[in-house]
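Chemist: Take this structure first; my questions come after.
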Amino acid sequence: MRRIYLDHTATTPLDPRVMDAMRPCFSGTFGNASSVHSYGRDSRELLERARGIIAEGVGAEPAEIFFTSGGTEADNLAIFGVMSAAREREGIVTSRAEHHAVLEPCRYLAGKGKEVSFLPVDPYGAVDIDALRRQVGGGTALVSIMHANNETGTISGIQSIAGIAHQAGALFHTDAVQSAGKLPLDVRGLGVDLMTLSAHKMYGPKGIGALFVRRGVPVDPMLHGGGQERGRRPGTENVPLAVGFAEAFRFALQEREEESSRLRSLRDSLELRIREAFPEVLVNGDRAERLPHILNISFPGELFPIEGDMLVMNMDLEGIAVTSGSACTSGSLDPSHVILAMGRDEKTAKATLRFSFGKGNTMDDVGYVAEKLNVVIRRMLKKPAG
Ligand code: PLP
């Protein structure tokens with residue numbers, strides 16, 4: 001059976017060129033990067049070269065990049081680390097459309113008595129700037145707003161959000177897991193103090209990410225041990241994954257413009273084909289300020305009594321991997337918190353599908369997916385294919 005992967009927002013396959021770069025680090029250059037002998041120094045050299053590539057990719061200094069086990073850990077380190085180090089300020093401002101790796105630490109801290117505001121978003125998923133201005137004040141230690149949303153692709157105006165945070169004397173963190181390699185990232189131009197990255201969304205290995213921390217920003221470590229990563233993130237450095245991360249980022253930056261326009265045309269063609277078949281379909285996210293590879297659609301609940309998860313399963317039976325955006329929490333399938341925050345009703349939010357394109361997809365896939373979606377939906381609605 002033909003299989004088509006359209007879930008690159010969840011993860012991407014490892015680029016074979018990245019695998020080639022990592023392979024020697026698993027065997028030959030195996031030394032502990034913190035050892036002083038030549039084995040250690042060889043590993044250290046690879047690690048620091050990787051750090052340099054990542055730093056350059058975001059316009060930072062190498063000393064401002066801290067490797068972590070992924071995006072989740074980097075988000076947690078940003079939030080817990082800043083809040084632990086904050087002396088007088090107790091508040092965090094974030095949004096309702098953030099990834100769980102930001103929402104959950106914030107909810108945890110709210111439970112411990114910190115003042116946390118979860119800002120509303122507009123119907124396109126962008127943060128309500130007036131609400132942001134109202135909430136950020138003298139007690140705010142940290143504002144955390146993602147650069148681009150993983151479900152809808154909506155891009156936030158983080159430069160102006162950072163400006164509002166700074167005016168109030170707060171620090172600004174952004175989760176750039178989805179935008180890295182897709183949008184130009186310059187930490188100085190954007191004015192961010194902390195930024196999260198993850199390798200496996202850009203054809204790099206799983207289990208490694210990084211937190212950019214602007215020089216001088218106080219962040220307490222969450223782990224205590226051997227003092228690696230300048231004390232911010234102890235634990236023996238994972239040199240092979242760091243090398244893979246840097247290679248993946250380097251390729252992503254080199255190929256960014258060409259690949260983005262290719263993905264945009266695949267995405268836009270699929271959107272057109274779906275609209276032709278189902279004119280009532282709703283496209284979620286900002287039509288202009290959106291990542292090029294994400295198409296997130298909802299079927300209006302009143303007209304289409306279908307569950308996104310059943311849709312995902314039926315598409316999977318046709319060999320097509322997509323996602324509904326629902327979070328499976330303790331056996332119950334909840335509609336996406338992002339789509340709900342954008343104001344969709346629960347039934348419509350449940351009938352949501354996210355397609356995310358990547359390197360392996362072609363225009364031929366678009367026609368096939370549109371055709372199968374048409375068949376699947378009409379079958380689920382028990383209507384003849386149109
Ligand atoms: N932040 C965003 C926006 C994401 O999409 C993801 C992954 O789904 C994460 C954080 C978590 O990253 P990781 O899987 O590397 O822990």
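Scheme for the structure tokens: letters A, B, ... for chains in order shown; per-chain residue numbers from 1; ligand numbers from 1 in order shown.
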Find the residues around A:Cys106 up to 8 Å (only C-alpha atoms counted), leave out those fewer than 2 positions away in its own chain, and share them as a ChimeraX atom specification.
Modeler: /A:79,92,102-104,108-110,116
Chemist: Determine, for each residue of chain A having at least one atom at most 8 Å from an atom of ligand 1, the closest pair of atoms and their separation in Å to one decimal, counting only C-alpha atoms and all ligand atoms; order by chain and ascending number, as a tab-separated table.
Modeler:
```
residue	atom	partner	partner_atom_place_in_ligand_line	distance
A:Thr9	CA	ligand 1	5 (O)	6.5
A:Ala10	CA	ligand 1	8 (O)	5.4
A:Thr11	CA	ligand 1	8 (O)	7.4
A:Ser69	CA	ligand 1	15 (O)	7.1
A:Gly70	CA	ligand 1	15 (O)	3.7
A:Gly71	CA	ligand 1	12 (O)	3.4
A:Thr72	CA	ligand 1	16 (O)	3.7
A:Glu73	CA	ligand 1	16 (O)	6.3
A:Ala74	CA	ligand 1	16 (O)	8.0
A:Asp75	CA	ligand 1	10 (C)	7.0
A:Glu98	CA	ligand 1	3 (C)	7.3
A:His99	CA	ligand 1	3 (C)	5.2
A:His100	CA	ligand 1	10 (C)	7.4
A:Ala101	CA	ligand 1	10 (C)	5.6
A:Val102	CA	ligand 1	1 (N)	7.5
A:Met146	CA	ligand 1	3 (C)	6.9
A:Ala148	CA	ligand 1	3 (C)	7.2
A:Asn149	CA	ligand 1	3 (C)	6.1
A:Asn150	CA	ligand 1	5 (O)	4.7
A:Glu151	CA	ligand 1	5 (O)	7.9
A:Asp175	CA	ligand 1	1 (N)	5.9
A:Ala176	CA	ligand 1	3 (C)	6.7
A:Val177	CA	ligand 1	3 (C)	5.0
A:Gln178	CA	ligand 1	3 (C)	5.5
A:Thr196	CA	ligand 1	1 (N)	7.7
A:Leu197	CA	ligand 1	15 (O)	7.6
A:Ser198	CA	ligand 1	15 (O)	4.7
A:Ala199	CA	ligand 1	15 (O)	6.8
A:His200	CA	ligand 1	15 (O)	6.5
A:Lys201	CA	ligand 1	7 (C)	7.6
A:Lys206	CA	ligand 1	15 (O)	6.7
A:Gly207	CA	ligand 1	15 (O)	6.3
A:Ile208	CA	ligand 1	15 (O)	6.6
A:Gly209	CA	ligand 1	15 (O)	6.1
```
Chemist: Excluding A:Asp122 and its own-chain neighbours fewer than 4 positions away, which residues fall within 12 Å of it when counting only C-alpha atoms? Please give them as a list in words.
Modeler: Ser95, Arg96, Ala97, Ala126, Val127, Asp128, Ile129, Asp130, Ala131, Thr154, Ser156, Asn284, Gly285, Asp286, Val338, Ile339, Leu340, Ala341, Met342, Gly343 and Arg344 of chain A
Chemist: Generate a file of the selected residues that holds C-alpha atoms, formatted as a compact mmCIF listing (two decimals), in the first residue's frame.
Modeler:
```txt
# COMPACT_ATOMS: atom_id res chain seq x y z
CA SER A 95 -0.97 32.32 26.19
CA ARG A 96 -3.70 29.71 25.96
CA ALA A 97 -2.32 28.46 22.65
CA ALA A 126 -2.40 35.24 17.63
CA VAL A 127 -2.02 36.61 21.14
CA ASP A 128 -4.37 39.42 22.09
CA ILE A 129 -1.91 42.31 22.32
CA ASP A 130 -4.26 44.54 24.35
CA ALA A 131 -4.64 41.77 26.93
CA THR A 154 0.31 30.89 13.14
CA SER A 156 3.44 35.53 16.51
CA ASN A 284 -7.44 27.36 11.10
CA GLY A 285 -4.62 29.83 11.60
CA ASP A 286 -3.53 33.12 10.12
CA VAL A 338 -5.43 25.64 20.59
CA ILE A 339 -8.47 25.32 18.32
CA LEU A 340 -10.81 25.88 21.29
CA ALA A 341 -8.81 28.96 22.36
CA MET A 342 -9.35 30.35 18.84
CA GLY A 343 -13.09 30.25 19.50
CA ARG A 344 -14.23 27.15 17.61
```
Chemist: Which of stretch 71-245 of chain A counts as helix (DSSP H, G or I) under DSSP, as an MDAnalysis selection string please?
Modeler: chainID A and resid 71:85 100:111 129:135 158:167 187:190 199:201 229:231 239:245
Chemist: Neighbouring residues of A:Ser265 were defined as those with any atom within 12 Å, considering only C-alpha atoms; residues of the same chain fewer than 3 positions away were excluded. Please report them as a list of chain:residue names.
Modeler: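 Residues near the query, excluding close chain neighbours: A:Glu258, A:Glu259, A:Ser260, A:Ser261, A:Arg262, A:Asp268, A:Ser269, A:Leu270, A:Glu271, A:Leu272, A:Pro292, A:His293, A:Ile294, A:Leu295, A:Phe357, A:Gly358, A:Asn361, A:Thr362, A:Met363, A:Val366.
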Chemist: Put those residues in a file: N, CA and C atoms, as a PDB file, in the first residue's frame.
Modeler:
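As a result, again_1.pdb now contains:
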```pdb
ATOM      1  N   GLU A 258      14.258  27.739  -0.552  1.00  0.00           N
ATOM      2  CA  GLU A 258      13.761  26.908  -1.647  1.00  0.00           C
ATOM      3  C   GLU A 258      12.719  25.907  -1.137  1.00  0.00           C
ATOM      4  N   GLU A 259      13.042  25.264  -0.019  1.00  0.00           N
ATOM      5  CA  GLU A 259      12.150  24.235   0.514  1.00  0.00           C
ATOM      6  C   GLU A 259      10.841  24.865   1.008  1.00  0.00           C
ATOM      7  N   SER A 260      10.936  26.048   1.610  1.00  0.00           N
ATOM      8  CA  SER A 260       9.718  26.707   2.115  1.00  0.00           C
ATOM      9  C   SER A 260       8.761  27.000   0.977  1.00  0.00           C
ATOM     10  N   SER A 261       9.286  27.464  -0.164  1.00  0.00           N
ATOM     11  CA  SER A 261       8.332  27.800  -1.224  1.00  0.00           C
ATOM     12  C   SER A 261       7.765  26.524  -1.848  1.00  0.00           C
ATOM     13  N   ARG A 262       8.565  25.461  -1.858  1.00  0.00           N
ATOM     14  CA  ARG A 262       8.049  24.182  -2.378  1.00  0.00           C
ATOM     15  C   ARG A 262       6.922  23.667  -1.474  1.00  0.00           C
ATOM     16  N   ASP A 268      -0.728  24.791  -0.274  1.00  0.00           N
ATOM     17  CA  ASP A 268      -1.805  25.583  -0.865  1.00  0.00           C
ATOM     18  C   ASP A 268      -2.621  24.769  -1.866  1.00  0.00           C
ATOM     19  N   SER A 269      -1.957  23.847  -2.575  1.00  0.00           N
ATOM     20  CA  SER A 269      -2.709  23.009  -3.522  1.00  0.00           C
ATOM     21  C   SER A 269      -3.643  22.082  -2.777  1.00  0.00           C
ATOM     22  N   LEU A 270      -3.168  21.530  -1.667  1.00  0.00           N
ATOM     23  CA  LEU A 270      -4.055  20.636  -0.909  1.00  0.00           C
ATOM     24  C   LEU A 270      -5.249  21.421  -0.373  1.00  0.00           C
ATOM     25  N   GLU A 271      -4.965  22.620   0.122  1.00  0.00           N
ATOM     26  CA  GLU A 271      -6.050  23.451   0.661  1.00  0.00           C
ATOM     27  C   GLU A 271      -7.113  23.704  -0.433  1.00  0.00           C
ATOM     28  N   LEU A 272      -6.639  24.020  -1.611  1.00  0.00           N
ATOM     29  CA  LEU A 272      -7.548  24.286  -2.735  1.00  0.00           C
ATOM     30  C   LEU A 272      -8.375  23.045  -3.069  1.00  0.00           C
ATOM     31  N   PRO A 292       4.930  27.694   6.357  1.00  0.00           N
ATOM     32  CA  PRO A 292       4.571  27.282   4.988  1.00  0.00           C
ATOM     33  C   PRO A 292       4.096  25.846   4.847  1.00  0.00           C
ATOM     34  N   HIS A 293       4.380  25.000   5.834  1.00  0.00           N
ATOM     35  CA  HIS A 293       4.132  23.564   5.620  1.00  0.00           C
ATOM     36  C   HIS A 293       2.915  23.024   6.354  1.00  0.00           C
ATOM     37  N   ILE A 294       2.190  23.893   7.087  1.00  0.00           N
ATOM     38  CA  ILE A 294       1.075  23.397   7.907  1.00  0.00           C
ATOM     39  C   ILE A 294      -0.271  23.797   7.310  1.00  0.00           C
ATOM     40  N   LEU A 295      -1.159  22.804   7.215  1.00  0.00           N
ATOM     41  CA  LEU A 295      -2.559  23.078   6.864  1.00  0.00           C
ATOM     42  C   LEU A 295      -3.409  22.465   7.971  1.00  0.00           C
ATOM     43  N   PHE A 357       3.539  19.117   5.864  1.00  0.00           N
ATOM     44  CA  PHE A 357       4.370  18.620   4.754  1.00  0.00           C
ATOM     45  C   PHE A 357       5.849  18.647   5.100  1.00  0.00           C
ATOM     46  N   GLY A 358       6.614  17.845   4.367  1.00  0.00           N
ATOM     47  CA  GLY A 358       8.060  17.817   4.573  1.00  0.00           C
ATOM     48  C   GLY A 358       8.783  17.373   3.321  1.00  0.00           C
ATOM     49  N   ASN A 361       7.598  14.792   0.600  1.00  0.00           N
ATOM     50  CA  ASN A 361       6.298  14.922  -0.068  1.00  0.00           C
ATOM     51  C   ASN A 361       6.428  15.559  -1.454  1.00  0.00           C
ATOM     52  N   THR A 362       5.530  15.145  -2.324  1.00  0.00           N
ATOM     53  CA  THR A 362       5.535  15.675  -3.695  1.00  0.00           C
ATOM     54  C   THR A 362       4.111  16.121  -4.061  1.00  0.00           C
ATOM     55  N   MET A 363       3.990  16.783  -5.234  1.00  0.00           N
ATOM     56  CA  MET A 363       2.687  17.232  -5.696  1.00  0.00           C
ATOM     57  C   MET A 363       1.775  16.030  -5.984  1.00  0.00           C
ATOM     58  N   VAL A 366      -0.278  15.185  -3.074  1.00  0.00           N
ATOM     59  CA  VAL A 366      -1.396  16.092  -2.815  1.00  0.00           C
ATOM     60  C   VAL A 366      -2.679  15.559  -3.440  1.00  0.00           C
TER      61      VAL A 366
END
```
